[in-house]
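Enquirer: Can you keep this structure in mind? I'll have questions shortly.
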Amino acid sequence: MGHLSTLSYLRRTSAPAACLAAFVRTVVRRKTRSGRTKWQRFREMQRAFRGELPAYQFSKDWFTGKIPYWLDGFDRCGMRGGPIEVLEIGSWEGLSSLFILRTFDRARITCIDSWDDSNGAIAVSKDVITDVERRFDENLTAYRDRVTKRKETSLRFFGDAGQSGPFDLIYVDGSHHADDVMVDALESFSLLKVGGVMIFDDYLAKYYERLDENPAKAINLFLRLKRNRYEFVSVYYQLIIRKTSR
Ligand SMILES: C[S@@+](CC[C@H](N)C(=O)[O-])C[C@H]1O[C@@H](n2cnc3c(N)ncnc32)[C@H](O)[C@@H]1O
């Protein structure tokens, strides 16, 4: 999608005006000289991380293309050290979890995934998903003491999240149907610390023919509902916000 069609898509999915402005700022920032220099550094870090992947078992890479956007977000939020409590909705084989664990030495991550064949826009057979879960376990073996695995839907997790959180960082990458994204967004936001960062994957993805079933529709309504309680960090294929008040 070109930038103009992205803006048009954002308008059609009810993005608040502040979000359109944040999208433009994100695009312009990357074109400045300091933006380009930073981006180069983030790309080098992306290359280094990719170089380590042959030691693991990943059948799909939905993640490493997003690394520069994440590093830019972390940089803008001054998130360097730890310990940080992280929640991830949608872990698949643990690629994004691995990146978090390697980036933040003391981070602890709660990984929620149903690891079943019955949900989401990704159709997979029972055998495939069993292998996916096994690879998740094996890929994160070395980090076992920093990982809490929750094999359940996010809906179920939020239903009994009593002792979970609050979190410093939440990555929303589970079901991409707008109804589920809406629940994940609202519930996650309530478990996010003030000052904490939330990343939505696939903000601009068009999985469904009906516009209002896609992630952007839910995320934009969420952004309107929680207006004044967050600030935009970056708006692109990944939307990153920081919570500013309860
Ligand atoms: C795109 S994959 C996640 C990719 C992973 N974050 C990465 O970057 O490697 C989406 C995952 O969400 C899981 N999922 C889909 N709907 C879910 C739900 N309602 N609750 C929990 N997990 C869900 C799927 O099983 C799948 O593993």
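Every chain in the structure tokens has a letter given in the order shown (A, B, ...), and although residue numbers restart at 1 in each chain, ligands are simply numbered from 1 in the order shown.
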Each residue of chain A lying at most 8 Å from ligand 1 should get a row with its shortest atom-to-atom pair and the distance in Å to one decimal, counting only C-alpha atoms and all ligand atoms; could you produce that, ordered by chain and increasing number, as a Markdown table?
Expert:
| residue | atom | partner | partner_atom_place_in_ligand_line | distance |
| --- | --- | --- | --- | --- |
| A:Lys60 | CA | ligand 1 | 9 (O) | 7.5 |
| A:Asp61 | CA | ligand 1 | 9 (O) | 6.4 |
| A:Trp62 | CA | ligand 1 | 8 (O) | 5.3 |
| A:Phe63 | CA | ligand 1 | 8 (O) | 4.3 |
| A:Thr64 | CA | ligand 1 | 8 (O) | 7.7 |
| A:Glu88 | CA | ligand 1 | 6 (N) | 7.3 |
| A:Ile89 | CA | ligand 1 | 22 (N) | 5.9 |
| A:Gly90 | CA | ligand 1 | 12 (O) | 3.4 |
| A:Ser91 | CA | ligand 1 | 5 (C) | 4.2 |
| A:Trp92 | CA | ligand 1 | 27 (O) | 3.4 |
| A:Glu93 | CA | ligand 1 | 9 (O) | 5.8 |
| A:Gly94 | CA | ligand 1 | 9 (O) | 5.4 |
| A:Leu95 | CA | ligand 1 | 9 (O) | 4.2 |
| A:Ser96 | CA | ligand 1 | 8 (O) | 4.2 |
| A:Ser97 | CA | ligand 1 | 6 (N) | 7.1 |
| A:Ile112 | CA | ligand 1 | 21 (C) | 5.6 |
| A:Asp113 | CA | ligand 1 | 22 (N) | 3.6 |
| A:Ser114 | CA | ligand 1 | 22 (N) | 4.5 |
| A:Trp115 | CA | ligand 1 | 25 (O) | 4.5 |
| A:Asp116 | CA | ligand 1 | 25 (O) | 6.0 |
| A:Asp117 | CA | ligand 1 | 25 (O) | 7.3 |
| A:Asn119 | CA | ligand 1 | 16 (N) | 5.2 |
| A:Gly120 | CA | ligand 1 | 15 (C) | 4.6 |
| A:Ala121 | CA | ligand 1 | 15 (C) | 7.7 |
| A:Ile122 | CA | ligand 1 | 24 (C) | 7.5 |
| A:Ile129 | CA | ligand 1 | 25 (O) | 7.7 |
| A:Val132 | CA | ligand 1 | 27 (O) | 7.9 |
| A:Lys151 | CA | ligand 1 | 21 (C) | 7.8 |
| A:Glu152 | CA | ligand 1 | 21 (C) | 6.0 |
| A:Thr153 | CA | ligand 1 | 20 (N) | 3.3 |
| A:Ser154 | CA | ligand 1 | 20 (N) | 4.0 |
| A:Leu155 | CA | ligand 1 | 19 (N) | 6.5 |
| A:Tyr171 | CA | ligand 1 | 6 (N) | 7.9 |
| A:Asp173 | CA | ligand 1 | 3 (C) | 5.5 |
| A:Gly174 | CA | ligand 1 | 12 (O) | 3.4 |
| A:Ser175 | CA | ligand 1 | 16 (N) | 3.5 |
| A:His176 | CA | ligand 1 | 16 (N) | 7.2 |
| A:Asp180 | CA | ligand 1 | 19 (N) | 6.5 |
Enquirer: Output N, CA, C and O atoms of each residue in that selection to a file, as a short mmCIF file (atom, residue, chain, number, x, y, z; two decimals), in the first residue's frame.
Expert:
data_model
loop_
_atom_site.label_atom_id
_atom_site.label_comp_id
_atom_site.auth_asym_id
_atom_site.auth_seq_id
_atom_site.Cartn_x
_atom_site.Cartn_y
_atom_site.Cartn_z
N LYS A 60 8.32 -20.61 9.84
CA LYS A 60 7.81 -19.39 9.22
C LYS A 60 8.43 -18.20 9.91
O LYS A 60 8.68 -18.25 11.12
N ASP A 61 8.65 -17.16 9.12
CA ASP A 61 9.14 -15.93 9.74
C ASP A 61 8.15 -14.80 9.46
O ASP A 61 8.17 -14.18 8.41
N TRP A 62 7.26 -14.60 10.45
CA TRP A 62 6.33 -13.48 10.33
C TRP A 62 6.88 -12.27 11.09
O TRP A 62 6.20 -11.27 11.22
N PHE A 63 8.07 -12.44 11.64
CA PHE A 63 8.48 -11.44 12.62
C PHE A 63 9.66 -10.56 12.25
O PHE A 63 9.63 -9.35 12.47
N THR A 64 10.74 -11.16 11.71
CA THR A 64 11.99 -10.39 11.71
C THR A 64 11.92 -9.11 10.85
O THR A 64 12.66 -8.17 11.10
N GLU A 88 2.59 -11.64 25.70
CA GLU A 88 2.47 -11.82 24.25
C GLU A 88 1.22 -12.63 23.96
O GLU A 88 1.07 -13.75 24.47
N ILE A 89 0.35 -12.08 23.13
CA ILE A 89 -0.83 -12.84 22.70
C ILE A 89 -0.55 -13.34 21.30
O ILE A 89 -0.48 -12.54 20.36
N GLY A 90 -0.34 -14.63 21.16
CA GLY A 90 -0.02 -15.21 19.86
C GLY A 90 1.49 -15.42 19.74
O GLY A 90 2.23 -14.49 19.42
N SER A 91 1.95 -16.64 20.02
CA SER A 91 3.40 -16.88 20.05
C SER A 91 3.90 -17.80 18.94
O SER A 91 5.09 -17.82 18.64
N TRP A 92 3.01 -18.63 18.43
CA TRP A 92 3.36 -19.56 17.33
C TRP A 92 4.60 -20.36 17.71
O TRP A 92 4.56 -21.09 18.72
N GLU A 93 5.73 -20.20 17.00
CA GLU A 93 6.92 -21.01 17.33
C GLU A 93 7.91 -20.26 18.23
O GLU A 93 9.03 -20.71 18.43
N GLY A 94 7.49 -19.10 18.72
CA GLY A 94 8.32 -18.39 19.69
C GLY A 94 9.33 -17.42 19.11
O GLY A 94 10.25 -16.99 19.82
N LEU A 95 9.13 -17.02 17.85
CA LEU A 95 10.15 -16.15 17.24
C LEU A 95 10.16 -14.75 17.87
O LEU A 95 11.21 -14.23 18.26
N SER A 96 8.98 -14.14 17.97
CA SER A 96 8.95 -12.80 18.59
C SER A 96 9.30 -12.89 20.08
O SER A 96 9.95 -12.00 20.64
N SER A 97 8.90 -13.99 20.74
CA SER A 97 9.25 -14.16 22.16
C SER A 97 10.77 -14.23 22.32
O SER A 97 11.35 -13.63 23.21
N ILE A 112 0.80 -16.42 25.52
CA ILE A 112 -0.52 -17.04 25.38
C ILE A 112 -0.70 -17.49 23.94
O ILE A 112 -0.50 -16.69 23.01
N ASP A 113 -1.05 -18.73 23.78
CA ASP A 113 -1.41 -19.22 22.44
C ASP A 113 -2.30 -20.43 22.62
O ASP A 113 -2.05 -21.26 23.49
N SER A 114 -3.32 -20.51 21.80
CA SER A 114 -4.22 -21.66 21.92
C SER A 114 -3.57 -22.91 21.32
O SER A 114 -3.93 -24.03 21.66
N TRP A 115 -2.61 -22.71 20.44
CA TRP A 115 -1.95 -23.83 19.73
C TRP A 115 -2.98 -24.89 19.35
O TRP A 115 -2.80 -26.07 19.62
N ASP A 116 -4.06 -24.44 18.75
CA ASP A 116 -4.99 -25.42 18.18
C ASP A 116 -5.36 -25.00 16.77
O ASP A 116 -4.96 -23.93 16.30
N ASP A 117 -6.08 -25.87 16.10
CA ASP A 117 -6.31 -25.67 14.66
C ASP A 117 -7.65 -24.99 14.39
O ASP A 117 -8.10 -24.96 13.27
N ASN A 119 -8.76 -21.71 15.22
CA ASN A 119 -9.02 -20.27 15.24
C ASN A 119 -8.09 -19.50 14.32
O ASN A 119 -7.11 -20.01 13.81
N GLY A 120 -8.44 -18.24 14.15
CA GLY A 120 -7.54 -17.33 13.45
C GLY A 120 -7.66 -17.39 11.94
O GLY A 120 -8.36 -18.23 11.38
N ALA A 121 -6.98 -16.45 11.31
CA ALA A 121 -7.02 -16.36 9.86
C ALA A 121 -6.06 -17.37 9.22
O ALA A 121 -6.04 -17.56 8.02
N ILE A 122 -5.24 -18.04 10.09
CA ILE A 122 -4.27 -18.99 9.55
C ILE A 122 -4.86 -20.39 9.70
O ILE A 122 -5.03 -20.87 10.81
N ILE A 129 -0.03 -27.92 13.82
CA ILE A 129 -0.03 -27.08 15.02
C ILE A 129 0.66 -27.80 16.19
O ILE A 129 1.30 -27.17 17.04
N VAL A 132 4.17 -27.08 15.67
CA VAL A 132 4.42 -25.67 15.98
C VAL A 132 4.63 -25.52 17.49
O VAL A 132 5.59 -24.87 17.94
N LYS A 151 -1.31 -22.15 27.50
CA LYS A 151 -1.93 -22.73 26.30
C LYS A 151 -3.44 -22.59 26.43
O LYS A 151 -4.12 -23.45 27.01
N GLU A 152 -3.95 -21.50 25.91
CA GLU A 152 -5.39 -21.21 25.98
C GLU A 152 -5.67 -20.01 25.09
O GLU A 152 -4.74 -19.32 24.65
N THR A 153 -6.94 -19.75 24.86
CA THR A 153 -7.26 -18.56 24.06
C THR A 153 -7.05 -17.33 24.94
O THR A 153 -7.09 -17.42 26.18
N SER A 154 -6.85 -16.20 24.30
CA SER A 154 -6.66 -14.97 25.08
C SER A 154 -7.92 -14.68 25.90
O SER A 154 -7.83 -14.20 27.03
N LEU A 155 -9.07 -15.01 25.33
CA LEU A 155 -10.33 -14.75 26.04
C LEU A 155 -10.34 -15.48 27.38
O LEU A 155 -10.68 -14.93 28.42
N TYR A 171 2.41 -7.43 23.48
CA TYR A 171 2.37 -7.60 22.03
C TYR A 171 1.09 -8.34 21.66
O TYR A 171 0.86 -9.46 22.11
N ASP A 173 -0.79 -10.18 18.99
CA ASP A 173 -0.56 -10.83 17.69
C ASP A 173 -1.27 -12.19 17.66
O ASP A 173 -0.72 -13.17 17.18
N GLY A 174 -2.48 -12.24 18.22
CA GLY A 174 -3.23 -13.50 18.24
C GLY A 174 -4.17 -13.56 17.06
O GLY A 174 -3.75 -13.47 15.90
N SER A 175 -5.47 -13.70 17.36
CA SER A 175 -6.46 -13.70 16.29
C SER A 175 -6.48 -12.32 15.65
O SER A 175 -6.33 -11.30 16.33
N HIS A 176 -6.68 -12.28 14.33
CA HIS A 176 -6.71 -10.99 13.65
C HIS A 176 -8.13 -10.61 13.23
O HIS A 176 -8.32 -9.72 12.40
N ASP A 180 -12.09 -10.23 18.08
CA ASP A 180 -11.08 -10.72 19.04
C ASP A 180 -10.05 -9.62 19.34
O ASP A 180 -9.62 -9.47 20.48
#
Enquirer: Which polymer residues have any atom within 10 Å of an atom of Tyr69 (chain A), counting only C-alpha atoms, with same-chain residues fewer than 4 positions away left out, as a list in words?
Expert: Trp39, Phe42, Arg43, Thr64, Gly65, Gly73, Phe74, Asp75, Ser234, Val235, Tyr236, Tyr237, Gln238, Leu239 and Ile240 of chain A
Enquirer: Which of region 66-136 of chain A end up as strand (DSSP E or B) when DSSP is run on this backbone - answer as a PDB file with C-alpha atoms, in the first residue's frame?
Expert:
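Saved the output as part.pdb:
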ATOM      1  CA  GLU A  85       7.229  -7.989  32.410  1.00  0.00           C
ATOM      2  CA  VAL A  86       5.988  -8.859  28.962  1.00  0.00           C
ATOM      3  CA  LEU A  87       2.728 -10.331  27.723  1.00  0.00           C
ATOM      4  CA  GLU A  88       2.471 -11.816  24.252  1.00  0.00           C
ATOM      5  CA  ILE A  89      -0.834 -12.839  22.703  1.00  0.00           C
ATOM      6  CA  ARG A 108      10.041 -12.341  31.773  1.00  0.00           C
ATOM      7  CA  ILE A 109       7.418 -13.179  29.220  1.00  0.00           C
ATOM      8  CA  THR A 110       3.960 -14.704  29.456  1.00  0.00           C
ATOM      9  CA  CYS A 111       3.138 -16.361  26.137  1.00  0.00           C
ATOM     10  CA  ILE A 112      -0.520 -17.044  25.381  1.00  0.00           C
ATOM     11  CA  ASP A 113      -1.409 -19.216  22.440  1.00  0.00           C
TER      12      ASP A 113
END
